[in-house]
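This is query02.cif. It holds mmCIF, C-alpha atoms and all ligand atoms.
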```
data_data
loop_
_atom_site.label_atom_id
_atom_site.label_comp_id
_atom_site.auth_asym_id
_atom_site.auth_seq_id
_atom_site.Cartn_x
_atom_site.Cartn_y
_atom_site.Cartn_z
CA MET A 632 -168.75 -192.51 96.75
CA ARG A 633 -165.59 -194.21 97.90
CA ALA A 634 -162.36 -192.25 98.38
CA SER A 635 -160.20 -194.60 96.29
CA CYS A 636 -162.55 -194.16 93.31
CA LEU A 637 -161.77 -190.42 93.27
CA GLY A 638 -158.02 -190.90 93.75
CA LEU A 639 -158.30 -189.85 97.40
CA ALA A 640 -156.87 -191.58 100.47
CA SER A 641 -157.05 -190.83 104.16
CA CYS A 642 -154.03 -190.88 106.46
CA ALA A 643 -154.16 -193.85 108.84
CA VAL A 644 -152.60 -191.76 111.61
CA CYS A 645 -154.38 -188.40 111.49
CA ASN A 646 -157.32 -189.04 109.15
CA GLN A 647 -156.30 -186.24 106.77
CA LEU A 648 -157.78 -186.74 103.30
CA MET A 649 -155.31 -186.28 100.48
CA ARG A 650 -155.08 -186.76 96.74
CA LEU A 651 -153.09 -189.88 95.89
CA PRO A 652 -152.52 -190.34 92.18
CA ALA A 653 -151.54 -193.57 90.49
CA ARG A 654 -148.37 -193.91 92.59
CA ARG A 655 -150.59 -195.04 95.44
CA THR A 656 -148.37 -193.70 98.21
CA GLY A 657 -147.30 -190.31 99.49
CA LEU A 658 -146.53 -188.31 102.62
CA CYS A 659 -149.40 -186.91 104.65
CA PRO A 660 -149.27 -183.09 104.50
CA ARG A 661 -150.61 -182.90 108.03
CA CYS A 662 -148.60 -185.42 110.06
CA GLY A 663 -145.85 -186.56 107.68
CA SER A 664 -146.77 -190.26 107.83
CA GLN A 665 -146.67 -192.43 104.75
CA VAL A 666 -150.19 -192.67 103.30
CA TYR A 667 -151.41 -195.59 101.22
CA VAL A 668 -154.67 -196.13 99.38
CA ARG A 669 -154.76 -199.55 101.09
CA LYS A 670 -152.41 -200.94 103.73
CA PRO A 671 -149.40 -202.23 101.76
CA ALA A 672 -149.26 -206.02 101.27
CA SER A 673 -152.20 -206.27 103.66
CA LEU A 674 -153.32 -209.76 102.68
CA SER A 675 -149.90 -211.41 102.50
CA ASN A 676 -148.75 -209.78 105.77
CA SER A 677 -151.95 -210.76 107.49
CA TRP A 678 -151.76 -214.35 106.19
CA ALA A 679 -148.12 -214.70 107.27
CA LEU A 680 -148.77 -213.36 110.77
CA LEU A 681 -151.91 -215.46 111.17
CA LEU A 682 -150.04 -218.59 110.06
CA ALA A 683 -147.25 -217.83 112.55
CA ALA A 684 -149.88 -217.37 115.29
CA VAL A 685 -151.53 -220.71 114.44
CA ILE A 686 -148.15 -222.46 114.57
CA MET A 687 -147.30 -220.86 117.92
CA TYR A 688 -150.73 -221.82 119.27
CA PHE A 689 -149.56 -225.44 119.60
CA PRO A 690 -146.52 -224.90 121.88
CA ALA A 691 -148.55 -222.25 123.71
CA ASN A 692 -151.07 -224.92 124.71
CA LEU A 693 -148.87 -228.01 124.87
CA LEU A 694 -145.86 -226.65 126.80
CA PRO A 695 -146.11 -225.76 130.49
CA ILE A 696 -146.67 -222.06 131.18
CA MET A 697 -145.30 -222.52 134.69
CA THR A 698 -144.22 -225.07 137.28
CA VAL A 699 -145.59 -224.75 140.80
CA MET A 700 -143.52 -226.35 143.57
CA TYR A 701 -145.12 -226.32 147.00
CA LEU A 702 -143.58 -228.06 150.03
CA GLY A 703 -141.35 -230.18 147.85
CA SER A 704 -143.97 -231.41 145.41
CA GLY A 705 -145.55 -229.98 142.32
CA GLN A 706 -146.04 -230.30 138.62
CA PRO A 707 -145.92 -228.25 135.43
CA ASP A 708 -149.14 -226.55 134.37
CA THR A 709 -150.34 -225.87 130.84
CA ILE A 710 -153.04 -223.30 130.16
CA ILE A 711 -155.77 -225.96 130.04
CA SER A 712 -154.55 -227.84 133.12
CA GLY A 713 -154.48 -224.49 134.95
CA VAL A 714 -158.14 -223.91 134.02
CA ILE A 715 -159.08 -227.45 135.10
CA ARG A 716 -157.24 -226.97 138.41
CA LEU A 717 -159.22 -223.78 139.07
CA MET A 718 -162.47 -225.59 138.22
CA MET A 719 -161.71 -228.54 140.50
CA HIS A 720 -160.96 -226.06 143.23
CA GLY A 721 -164.43 -224.58 142.80
CA ASP A 722 -163.22 -221.21 141.53
CA TRP A 723 -165.72 -221.22 138.66
CA PRO A 724 -165.83 -217.50 137.85
CA ILE A 725 -162.03 -217.20 137.64
CA ALA A 726 -161.77 -220.48 135.70
CA LEU A 727 -164.29 -219.09 133.23
CA VAL A 728 -162.38 -215.80 132.90
CA VAL A 729 -159.12 -217.63 132.19
CA PHE A 730 -160.81 -220.04 129.79
CA VAL A 731 -162.42 -217.22 127.81
CA ALA A 732 -159.33 -214.98 127.76
CA SER A 733 -156.71 -217.66 127.12
CA VAL A 734 -158.46 -220.36 125.12
CA LEU A 735 -161.63 -219.01 123.53
CA VAL A 736 -160.55 -215.50 122.53
CA PRO A 737 -157.31 -216.45 120.70
CA LEU A 738 -159.04 -219.34 118.95
CA LEU A 739 -162.04 -217.27 117.87
CA LYS A 740 -159.79 -214.43 116.81
CA MET A 741 -157.76 -216.71 114.54
CA ILE A 742 -160.93 -218.25 113.07
CA VAL A 743 -162.46 -214.82 112.43
CA LEU A 744 -159.27 -213.56 110.75
CA LEU A 745 -159.14 -216.71 108.64
CA TYR A 746 -162.75 -216.17 107.61
CA LEU A 747 -162.20 -212.49 106.81
CA LEU A 748 -159.09 -213.25 104.73
CA LEU A 749 -160.86 -216.02 102.79
CA SER A 750 -163.94 -213.87 102.21
CA VAL A 751 -161.78 -211.08 100.80
CA HIS A 752 -160.02 -213.53 98.49
CA ARG A 753 -163.40 -214.77 97.26
CA LYS A 754 -164.44 -211.11 96.71
CA SER A 755 -167.50 -211.93 98.77
CA THR A 756 -170.23 -209.29 99.11
CA PHE A 757 -171.98 -211.20 101.88
CA ARG A 758 -172.91 -209.02 104.92
CA ARG A 759 -170.06 -206.58 104.54
CA ARG A 760 -171.28 -204.40 107.40
CA GLU A 761 -171.33 -207.35 109.79
CA ARG A 762 -167.93 -208.53 108.61
CA THR A 763 -166.50 -205.07 109.27
CA ARG A 764 -168.09 -205.24 112.73
CA LEU A 765 -166.48 -208.66 113.23
CA TYR A 766 -163.13 -207.11 112.36
CA ARG A 767 -163.63 -204.36 114.92
CA MET A 768 -164.39 -206.97 117.56
CA THR A 769 -161.16 -208.88 116.88
CA GLU A 770 -159.26 -205.61 117.26
CA LEU A 771 -161.01 -204.89 120.55
CA VAL A 772 -160.79 -208.21 122.40
CA GLY A 773 -157.35 -209.49 121.36
CA ARG A 774 -155.41 -207.74 124.11
CA TRP A 775 -157.40 -209.48 126.87
CA SER A 776 -155.64 -212.75 126.04
CA MET A 777 -152.49 -211.40 127.66
CA VAL A 778 -153.99 -212.18 131.11
CA ASP A 779 -152.22 -215.53 131.51
CA VAL A 780 -148.81 -214.03 130.68
CA PHE A 781 -149.35 -211.46 133.43
CA VAL A 782 -150.44 -214.19 135.87
CA VAL A 783 -147.24 -216.14 135.20
CA ALA A 784 -145.14 -212.99 135.62
CA LEU A 785 -146.83 -212.11 138.92
CA LEU A 786 -146.52 -215.63 140.33
CA ALA A 787 -142.89 -215.93 139.22
CA ALA A 788 -142.09 -212.63 140.96
CA LEU A 789 -143.96 -213.47 144.16
CA VAL A 790 -143.27 -217.13 144.81
CA HIS A 791 -139.56 -217.56 145.31
CA LEU A 792 -139.19 -219.18 148.70
CA GLY A 793 -136.88 -222.08 147.94
CA VAL A 794 -138.14 -225.52 149.03
CA LEU A 795 -141.16 -223.96 150.73
CA ALA A 796 -142.74 -222.71 147.52
CA ASP A 797 -141.37 -221.84 144.14
CA ILE A 798 -142.99 -220.97 140.82
CA THR A 799 -140.92 -220.94 137.65
CA PRO A 800 -142.29 -219.67 134.34
CA GLY A 801 -142.32 -222.17 131.47
CA PRO A 802 -141.78 -221.88 127.71
CA GLY A 803 -145.54 -222.11 127.11
CA ALA A 804 -145.91 -218.57 128.48
CA ARG A 805 -143.41 -217.30 125.93
CA ALA A 806 -145.23 -219.04 123.07
CA PHE A 807 -148.54 -217.75 124.37
CA ALA A 808 -147.31 -214.14 124.48
CA ALA A 809 -146.17 -214.65 120.88
CA VAL A 810 -149.66 -215.86 119.88
CA VAL A 811 -151.28 -212.77 121.40
CA ILE A 812 -148.84 -210.38 119.72
CA LEU A 813 -148.95 -212.18 116.36
CA THR A 814 -152.77 -212.18 116.24
CA MET A 815 -152.80 -208.48 117.18
CA LEU A 816 -150.33 -207.73 114.38
CA ALA A 817 -152.29 -209.91 111.95
CA ALA A 818 -155.46 -207.95 112.73
CA MET A 819 -153.61 -204.65 112.39
CA SER A 820 -152.19 -205.56 108.98
CA PHE A 821 -155.59 -206.60 107.69
CA ASP A 822 -157.22 -203.72 105.81
CA PRO A 823 -161.01 -203.83 106.41
CA ARG A 824 -161.53 -201.62 103.34
CA LEU A 825 -160.71 -204.70 101.27
CA ILE A 826 -164.04 -206.15 102.46
CA TRP A 827 -165.75 -203.32 100.56
CA ASP A 828 -163.54 -203.28 97.46
CA ARG A 829 -165.22 -204.33 94.25
CA GLU A 830 -164.28 -203.17 90.78
CA GLU A 831 -167.83 -202.15 89.86
CA ASP A 832 -168.07 -199.86 92.92
CA CYS A 833 -166.38 -197.00 91.11
CA GLN A 834 -168.66 -196.99 88.10
CA MET B 1071 -171.74 -187.37 99.32
CA PRO B 1072 -170.64 -184.03 97.90
CA ASP B 1073 -173.67 -181.85 97.29
CA GLY B 1074 -174.50 -178.31 96.20
CA SER B 1075 -175.17 -176.78 99.61
CA ALA B 1076 -171.53 -176.61 100.65
CA GLY B 1077 -171.14 -172.82 100.51
CA ARG B 1078 -172.93 -172.04 103.77
CA ASN B 1079 -171.37 -174.86 105.79
CA ASP B 1080 -167.66 -174.51 105.13
CA THR B 1081 -166.94 -175.89 108.61
CA ARG B 1082 -167.88 -179.32 107.37
CA GLU B 1083 -165.00 -181.66 106.79
CA LEU B 1084 -164.79 -184.33 104.13
CA VAL B 1085 -163.40 -187.59 105.52
CA ALA B 1086 -163.03 -191.14 104.27
CA CYS B 1087 -164.01 -193.94 106.64
CA HIS B 1088 -160.96 -195.94 107.75
CA GLN B 1089 -162.81 -199.21 107.58
CA CYS B 1090 -164.84 -198.98 104.35
CA ASP B 1091 -163.33 -195.96 102.51
CA GLU B 1092 -166.73 -194.27 102.08
CA LEU B 1093 -166.48 -190.48 101.72
CA GLN B 1094 -168.72 -188.43 103.97
CA TYR B 1095 -168.98 -184.97 105.47
CA ILE B 1096 -168.85 -184.49 109.19
CA GLY B 1097 -170.03 -181.21 110.64
CA VAL B 1098 -168.99 -179.49 113.84
CA LEU B 1099 -169.63 -181.90 116.71
CA ALA B 1100 -171.23 -180.72 119.93
CA PRO B 1101 -169.38 -181.74 123.11
CA GLY B 1102 -170.19 -185.35 123.90
CA GLN B 1103 -171.31 -186.04 120.33
CA SER B 1104 -169.86 -188.67 118.01
CA VAL B 1105 -170.48 -189.69 114.40
CA ARG B 1106 -170.45 -193.14 112.89
CA CYS B 1107 -169.99 -194.18 109.29
CA TYR B 1108 -173.38 -194.49 107.61
CA ARG B 1109 -172.13 -197.44 105.62
CA CYS B 1110 -170.15 -199.68 107.98
CA ASP B 1111 -170.96 -198.15 111.40
CA ALA B 1112 -167.30 -197.48 112.27
CA LEU B 1113 -166.64 -194.55 114.62
CA LEU B 1114 -165.61 -191.60 112.44
CA ALA B 1115 -165.00 -188.93 115.04
CA ARG B 1116 -166.08 -187.77 118.47
CA ASN B 1117 -165.88 -184.62 120.47
CA PRO B 1118 -165.58 -185.66 124.11
CA ALA B 1119 -167.31 -183.45 126.66
CA GLY B 1120 -165.02 -181.82 129.18
CA GLY B 1121 -162.82 -179.74 126.89
CA LEU B 1122 -159.05 -179.85 127.29
CA LEU B 1123 -158.58 -178.94 130.93
CA LEU B 1124 -160.15 -182.10 132.36
CA PRO B 1125 -157.97 -184.53 130.36
CA ILE B 1126 -154.90 -182.45 131.30
CA LEU B 1127 -155.73 -182.81 134.99
CA LEU B 1128 -156.51 -186.52 134.61
CA ASN B 1129 -153.22 -187.21 132.83
CA LEU B 1130 -151.36 -185.22 135.47
CA GLY B 1131 -153.06 -187.36 138.13
CA ALA B 1132 -152.21 -190.52 136.21
CA LEU B 1133 -148.56 -189.48 136.05
CA LEU B 1134 -148.41 -189.04 139.85
CA LEU B 1135 -150.21 -192.35 140.41
CA MET B 1136 -147.67 -194.04 138.11
CA LEU B 1137 -144.83 -192.98 140.40
CA LEU B 1138 -146.61 -194.69 143.30
CA ALA B 1139 -147.80 -197.72 141.31
CA TYR B 1140 -144.41 -198.50 139.76
CA PHE B 1141 -142.02 -197.82 142.66
CA LEU B 1142 -143.88 -198.86 145.82
CA PRO B 1143 -144.42 -202.52 146.87
CA PHE B 1144 -147.24 -204.02 144.80
CA LEU B 1145 -147.98 -207.34 146.51
CA THR B 1146 -146.39 -209.25 149.37
CA LEU B 1147 -146.67 -213.00 149.74
CA GLU B 1148 -146.48 -214.64 153.13
CA ILE B 1149 -145.96 -218.38 153.63
CA GLN B 1150 -145.30 -219.67 157.15
CA GLY B 1151 -143.80 -216.38 158.23
CA ARG B 1152 -141.60 -215.94 155.20
CA LEU B 1153 -142.17 -212.88 153.04
CA GLN B 1154 -141.66 -212.09 149.38
CA THR B 1155 -142.49 -208.68 147.91
CA THR B 1156 -142.67 -207.51 144.32
CA THR B 1157 -143.23 -204.23 142.56
CA LEU B 1158 -145.20 -204.03 139.32
CA PRO B 1159 -142.12 -203.78 137.06
CA GLY B 1160 -140.61 -206.54 139.23
CA THR B 1161 -142.92 -209.01 137.48
CA ALA B 1162 -141.12 -208.33 134.20
CA LYS B 1163 -137.76 -208.68 135.96
CA ALA B 1164 -138.80 -212.08 137.36
CA LEU B 1165 -139.40 -213.36 133.85
CA TYR B 1166 -136.04 -212.01 132.74
CA GLU B 1167 -134.29 -213.73 135.65
CA ALA B 1168 -136.01 -217.00 134.76
CA GLY B 1169 -134.44 -216.82 131.29
CA MET B 1170 -137.53 -215.44 129.55
CA GLY B 1171 -136.30 -211.95 128.81
CA GLU B 1172 -138.41 -211.48 125.65
CA THR B 1173 -141.59 -212.23 127.57
CA GLY B 1174 -140.39 -209.88 130.30
CA ILE B 1175 -139.99 -207.13 127.72
CA VAL B 1176 -143.55 -207.74 126.50
CA VAL B 1177 -144.82 -207.35 130.08
CA LEU B 1178 -142.71 -204.21 130.59
CA LEU B 1179 -143.87 -202.64 127.30
CA THR B 1180 -147.56 -203.33 127.86
CA THR B 1181 -147.79 -202.41 131.55
CA VAL B 1182 -145.10 -199.76 132.09
CA ILE B 1183 -143.49 -198.23 129.01
CA GLY B 1184 -146.64 -198.14 126.84
CA PRO B 1185 -148.81 -196.49 129.51
CA VAL B 1186 -146.02 -194.02 130.44
CA VAL B 1187 -145.58 -192.99 126.79
CA LEU B 1188 -149.35 -192.58 126.40
CA VAL B 1189 -149.83 -190.50 129.55
CA THR B 1190 -146.78 -188.23 129.19
CA GLY B 1191 -147.28 -187.93 125.42
CA SER B 1192 -150.93 -186.98 125.62
CA LEU B 1193 -150.22 -184.62 128.54
CA TYR B 1194 -147.57 -182.80 126.48
CA VAL B 1195 -149.79 -182.56 123.40
CA LEU B 1196 -152.82 -181.43 125.42
CA LEU B 1197 -150.75 -178.73 127.13
CA GLY B 1198 -149.37 -177.52 123.79
CA VAL B 1199 -152.83 -177.33 122.28
CA LYS B 1200 -154.41 -175.79 125.38
CA LEU B 1201 -151.73 -173.10 125.64
CA TYR B 1202 -151.89 -172.65 121.86
CA ARG B 1203 -148.09 -173.09 121.68
CA PRO B 1204 -146.55 -175.12 118.86
CA LEU B 1205 -144.24 -176.95 121.30
CA PRO B 1206 -141.41 -178.88 119.62
CA GLY B 1207 -142.32 -182.37 118.45
CA LEU B 1208 -146.11 -182.02 118.84
CA ARG B 1209 -146.76 -183.69 115.51
CA HIS B 1210 -144.32 -186.56 116.10
CA ILE B 1211 -145.70 -187.28 119.54
CA MET B 1212 -149.24 -187.41 118.16
CA VAL B 1213 -148.07 -189.95 115.57
CA TRP B 1214 -146.36 -191.98 118.30
CA ILE B 1215 -149.43 -192.00 120.53
CA GLY B 1216 -151.39 -193.52 117.67
CA HIS B 1217 -148.86 -196.34 117.33
CA VAL B 1218 -148.57 -197.08 121.06
CA LEU B 1219 -152.31 -196.92 121.84
CA PRO B 1220 -153.20 -200.59 121.15
CA TRP B 1221 -150.31 -201.86 123.30
CA GLY B 1222 -151.21 -200.34 126.65
CA MET B 1223 -152.66 -203.13 128.80
CA LEU B 1224 -152.95 -201.75 132.33
CA ASP B 1225 -156.56 -202.94 132.58
CA VAL B 1226 -155.72 -206.44 131.37
CA PHE B 1227 -153.01 -206.73 134.02
CA MET B 1228 -155.68 -206.14 136.69
CA VAL B 1229 -157.45 -209.34 135.65
CA GLY B 1230 -154.06 -211.06 135.93
CA VAL B 1231 -153.77 -209.79 139.52
CA LEU B 1232 -157.19 -211.27 140.39
CA VAL B 1233 -156.37 -214.64 138.81
CA ALA B 1234 -152.98 -214.78 140.54
CA ALA B 1235 -154.60 -213.94 143.89
CA VAL B 1236 -157.09 -216.79 143.52
CA LYS B 1237 -154.35 -219.23 142.51
CA LEU B 1238 -152.32 -218.35 145.60
CA SER B 1239 -155.26 -218.27 148.00
CA ASP B 1240 -154.82 -221.73 149.50
CA MET B 1241 -151.03 -221.66 149.46
CA ALA B 1242 -150.21 -218.34 151.06
CA ASN B 1243 -151.37 -215.04 152.49
CA LEU B 1244 -151.35 -212.09 150.12
CA VAL B 1245 -150.78 -208.62 151.52
CA VAL B 1246 -151.90 -205.78 149.28
CA GLY B 1247 -149.17 -203.16 148.96
CA PRO B 1248 -149.72 -199.39 148.54
CA ALA B 1249 -148.78 -199.63 144.87
CA LEU B 1250 -151.78 -201.87 144.18
CA TYR B 1251 -154.20 -199.21 145.48
CA ALA B 1252 -152.41 -196.58 143.40
CA TYR B 1253 -152.55 -198.92 140.42
CA VAL B 1254 -156.32 -199.44 140.69
CA ALA B 1255 -156.78 -195.65 140.87
CA LEU B 1256 -154.40 -195.35 137.91
CA ILE B 1257 -156.59 -197.65 135.77
CA VAL B 1258 -159.67 -195.50 136.52
CA VAL B 1259 -157.90 -192.18 135.96
CA SER B 1260 -155.96 -193.17 132.85
CA THR B 1261 -159.01 -194.82 131.25
CA ALA B 1262 -160.98 -191.62 131.85
CA ALA B 1263 -158.09 -189.54 130.47
CA LEU B 1264 -157.87 -191.71 127.38
CA SER B 1265 -161.62 -191.57 126.73
CA LEU B 1266 -161.38 -187.76 126.75
CA PHE B 1267 -158.38 -187.72 124.43
CA GLU B 1268 -159.66 -187.58 120.88
CA PRO B 1269 -156.97 -187.31 118.17
CA HIS B 1270 -159.52 -185.82 115.75
CA VAL B 1271 -160.02 -182.81 118.04
CA ILE B 1272 -156.29 -182.42 118.72
CA TRP B 1273 -155.35 -182.55 115.02
CA ALA B 1274 -158.04 -179.99 114.22
CA ARG B 1275 -156.68 -177.64 116.92
CA MET B 1276 -153.15 -178.17 115.66
CA ASP B 1277 -154.33 -177.28 112.15
CA ARG B 1278 -155.43 -173.89 113.44
CA MET B 1279 -152.04 -173.49 115.17
CA GLY B 1280 -150.32 -174.11 111.85
CA VAL B 1281 -148.55 -177.32 112.94
CA TRP B 1282 -148.10 -178.85 109.51
CA TYR B 1283 -145.67 -181.26 108.03
CA ARG B 1284 -145.80 -179.21 104.85
CA ALA B 1285 -148.15 -176.51 103.61
CA ARG B 1286 -151.27 -177.75 101.85
ZN ZN A 1301 -151.50 -187.85 108.58
ZN ZN A 1302 -167.27 -196.98 107.03
#
```

Serialized structure, structure tokens:
Amino acid sequence: MRASCLGLASCAVCNQLMRLPARRTGLCPRCGSQVYVRKPASLSNSWALLLAAVIMYFPANLLPIMTVMYLGSGQPDTIISGVIRLMMHGDWPIALVVFVASVLVPLLKMIVLLYLLLSVHRKSTFRRRERTRLYRMTELVGRWSMVDVFVVALLAALVHLGVLADITPGPGARAFAAVVILTMLAAMSFDPRLIWDREEDCQ
Amino acid sequence: MPDGSAGRNDTRELVACHQCDELQYIGVLAPGQSVRCYRCDALLARNPAGGLLLPILLNLGALLLMLLAYFLPFLTLEIQGRLQTTTLPGTAKALYEAGMGETGIVVLLTTVIGPVVLVTGSLYVLLGVKLYRPLPGLRHIMVWIGHVLPWGMLDVFMVGVLVAAVKLSDMANLVVGPALYAYVALIVVSTAALSLFEPHVIWARMDRMGVWYRAR
């Protein structure tokens, strides 16, 4: 039996089960947090944040994340050109790590969220267990995309030697940090219980 | 599912799965045991082995390591005899100085403020629960820990250090500072501390201490 069918809801913060009548919101007796039967405006919040992430994905990949100047010469680097540079240098394992964390993970995360949102709108009953598992994965891996932002921060802090060598962070890094945060927020606002919601479940 | 045999086992707790809303009973968990939702396989609760003392010691260790990791030199770069040193929070400052303050704040929140809040917060709560004292703010701090938890990225920053080191390898010499050693130890210790910190167990202990928002 599902909690919402019995007028019960569990607190998102402390897991306390409480009776939530038709009002659909109330304060948790245990921790004082606001409790909802489902995350409020889950779908519209999640859509809005996902859309914002998709929009930011373009400047994140098109704008330079940093400019490396070494002995008077240098050029701006985007995320992809940074990966290619590592590959050409023969640093395959690191190139692969950056490619997975910065290119693959954000892209897959946005596709998975898009799929989950669409499947909920279609009231799909297809492989609900696996879809819930997919949701858990997006929650788990999203943070690893922040790697490139940290790389830019480290290089910007370390390489400040005037004409000898200088690394300046670029606007791509800012857009990329926004993509990571927006996709994390989009995943957090998505309520996986919606995957399991069907009217006939309570009968 | 609610059934008729409840009378004997009144230690069982009725919970609803966070990810599929299915109601189920969970019994008393042995140390090291965890339960998953029978319907969607989400983790419902665990009872980490090691009790409360071990996570207290680990968080205390993490707090000391933080002092070293955040204040001592992290990395030093050497090009043709010229040196440049940074601390870990210095990376956020560098972004700020380059006109990217918002990105700097993101780095500061995920690598310094978030982890500090998590370690000091969980240390305080664990001490309160261990000493069986309803210290002021226990409930609020538990709520805060839940909100901050996804934003701590100490481990992700480590991968950033490796990538940065490779990128600099043919341009300059990198000298590892004492803070970097402390930081690697901090990742190990704080990850262990976090894996032993189970909100379900803490809330249950706080229930017995009578730390309630309002009487049920
Ligand atoms: Zn609560
Ligand atoms: Zn479940």

| Using all atoms listed in the file: which of A:Ala808, A:His791, A:Pro652, A:Glu761 has the shortest distance to ligand ZN 1302 (chain A) |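 Of A:Ala808, A:His791, A:Pro652, A:Glu761, the one nearest ligand ZN 1302 (chain A) is A:Glu761, counting all atoms listed in the file.
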
| task | Would you please work out which residue, of A:Met741, A:Met649, A:Ala684, A:Val736, is nearest to chain B when using all atoms listed in the file? | result | A:Met649

| query | Could you tell me, as a count of residues only, which residues have any atom at most 12 Å from (-152.7, -206.2, 111.3), counting only C-alpha atoms? | reply | 32

| query | Hey, what's within 12 Å of B:Gly1131 if we count all atoms listed in the file and toss same-chain stuff fewer than 2 positions away? As a list in words, please? | reply |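 In the requested form, the answer reads Leu1124, Pro1125, Ile1126, Leu1127, Leu1128, Asn1129, Leu1133, Leu1134, Leu1135, Met1136, Leu1137, Leu1138, Val1189, Thr1190, Leu1193, Ala1252, Tyr1253, Ala1255, Leu1256, Ile1257, Val1258, Val1259, Ser1260, Thr1261, Ala1262 and Ala1263 of chain B.
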
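Pairwise distance (atom CA of A:Val644, atom CA of B:Val1182) equals 23.2 Å.
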
Where does chain A meet ligand ZN 1301 (chain A) within 8 Å, residue by residue, with the nearest atom pair and distance in Å to one decimal for each, counting all atoms listed in the file, listed by chain and rising number, as a Markdown table?
```
| residue | atom | partner | partner_atom | distance |
| --- | --- | --- | --- | --- |
| A:Ser641 | CA | A:ZN1301 | ZN | 7.7 |
| A:Cys642 | CA | A:ZN1301 | ZN | 4.5 |
| A:Ala643 | CA | A:ZN1301 | ZN | 6.6 |
| A:Val644 | CA | A:ZN1301 | ZN | 5.1 |
| A:Cys645 | CA | A:ZN1301 | ZN | 4.1 |
| A:Asn646 | CA | A:ZN1301 | ZN | 6.0 |
| A:Gln647 | CA | A:ZN1301 | ZN | 5.4 |
| A:Leu658 | CA | A:ZN1301 | ZN | 7.8 |
| A:Cys659 | CA | A:ZN1301 | ZN | 4.6 |
| A:Pro660 | CA | A:ZN1301 | ZN | 6.7 |
| A:Arg661 | CA | A:ZN1301 | ZN | 5.1 |
| A:Cys662 | CA | A:ZN1301 | ZN | 4.1 |
| A:Gly663 | CA | A:ZN1301 | ZN | 5.9 |
| A:Ser664 | CA | A:ZN1301 | ZN | 5.4 |
| A:Gln665 | CA | A:ZN1301 | ZN | 7.7 |
| A:Val666 | CA | A:ZN1301 | ZN | 7.3 |
```

| For the point (-147.5, -211.9, 147.7) in file coordinates, what residues are within 7 Å, counting only C-alpha atoms? Give the answer as a PyMOL selection string? | (chain A and resi 789) or (chain B and resi 1145-1148+1154-1155+1243-1245)

With 7 Å as the limit and counting all atoms listed in the file, what residues in chain B lie close to chain A? Please list them as an mmCIF file with C-alpha atoms, in the coordinates of the input.
```cif
data_model
loop_
_atom_site.group_PDB
_atom_site.id
_atom_site.type_symbol
_atom_site.label_atom_id
_atom_site.label_comp_id
_atom_site.auth_asym_id
_atom_site.auth_seq_id
_atom_site.Cartn_x
_atom_site.Cartn_y
_atom_site.Cartn_z
ATOM 1 C CA MET B 1071 -171.740 -187.370 99.320
ATOM 2 C CA VAL B 1085 -163.400 -187.590 105.520
ATOM 3 C CA ALA B 1086 -163.030 -191.140 104.270
ATOM 4 C CA GLN B 1089 -162.810 -199.210 107.580
ATOM 5 C CA CYS B 1090 -164.840 -198.980 104.350
ATOM 6 C CA ASP B 1091 -163.330 -195.960 102.510
ATOM 7 C CA GLU B 1092 -166.730 -194.270 102.080
ATOM 8 C CA LEU B 1093 -166.480 -190.480 101.720
ATOM 9 C CA CYS B 1110 -170.150 -199.680 107.980
ATOM 10 C CA LEU B 1147 -146.670 -213.000 149.740
ATOM 11 C CA GLN B 1154 -141.660 -212.090 149.380
ATOM 12 C CA THR B 1155 -142.490 -208.680 147.910
ATOM 13 C CA THR B 1156 -142.670 -207.510 144.320
ATOM 14 C CA GLY B 1160 -140.610 -206.540 139.230
ATOM 15 C CA THR B 1161 -142.920 -209.010 137.480
ATOM 16 C CA ALA B 1162 -141.120 -208.330 134.200
ATOM 17 C CA ALA B 1164 -138.800 -212.080 137.360
ATOM 18 C CA LEU B 1165 -139.400 -213.360 133.850
ATOM 19 C CA ALA B 1168 -136.010 -217.000 134.760
ATOM 20 C CA THR B 1173 -141.590 -212.230 127.570
ATOM 21 C CA VAL B 1177 -144.820 -207.350 130.080
ATOM 22 C CA ARG B 1209 -146.760 -183.690 115.510
ATOM 23 C CA VAL B 1213 -148.070 -189.950 115.570
ATOM 24 C CA GLY B 1216 -151.390 -193.520 117.670
ATOM 25 C CA VAL B 1226 -155.720 -206.440 131.370
ATOM 26 C CA PHE B 1227 -153.010 -206.730 134.020
ATOM 27 C CA VAL B 1229 -157.450 -209.340 135.650
ATOM 28 C CA GLY B 1230 -154.060 -211.060 135.930
ATOM 29 C CA VAL B 1231 -153.770 -209.790 139.520
ATOM 30 C CA VAL B 1233 -156.370 -214.640 138.810
ATOM 31 C CA ALA B 1234 -152.980 -214.780 140.540
ATOM 32 C CA TRP B 1273 -155.350 -182.550 115.020
ATOM 33 C CA TRP B 1282 -148.100 -178.850 109.510
ATOM 34 C CA TYR B 1283 -145.670 -181.260 108.030
ATOM 35 C CA ARG B 1284 -145.800 -179.210 104.850
ATOM 36 C CA ALA B 1285 -148.150 -176.510 103.610
ATOM 37 C CA ARG B 1286 -151.270 -177.750 101.850
#
```

| query | Separation of atom CA of B:Met1276 and atom CA of B:Val1098, in Å? | reply | 16.0 Å

| Point-to-point distance in Å for atom CA of B:Ala1235 and atom CA of A:Gly793 |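 The value is 19.9 Å.
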
| message | Taking 6 positions as the minimum chain separation for residues in the same chain, which residues sit within 8 Å of B:Ser1192 when counting only C-alpha atoms? Answer as a PyMOL selection string. | response | chain B and resi 1129+1212+1215+1267

| task | Show which residues sit within 7 Å of stretch 709-712 of chain A, as a VMD selection string. Count only C-alpha atoms, and ignore same-chain residues fewer than 5 positions away. | result | chain A and resid 692 to 696
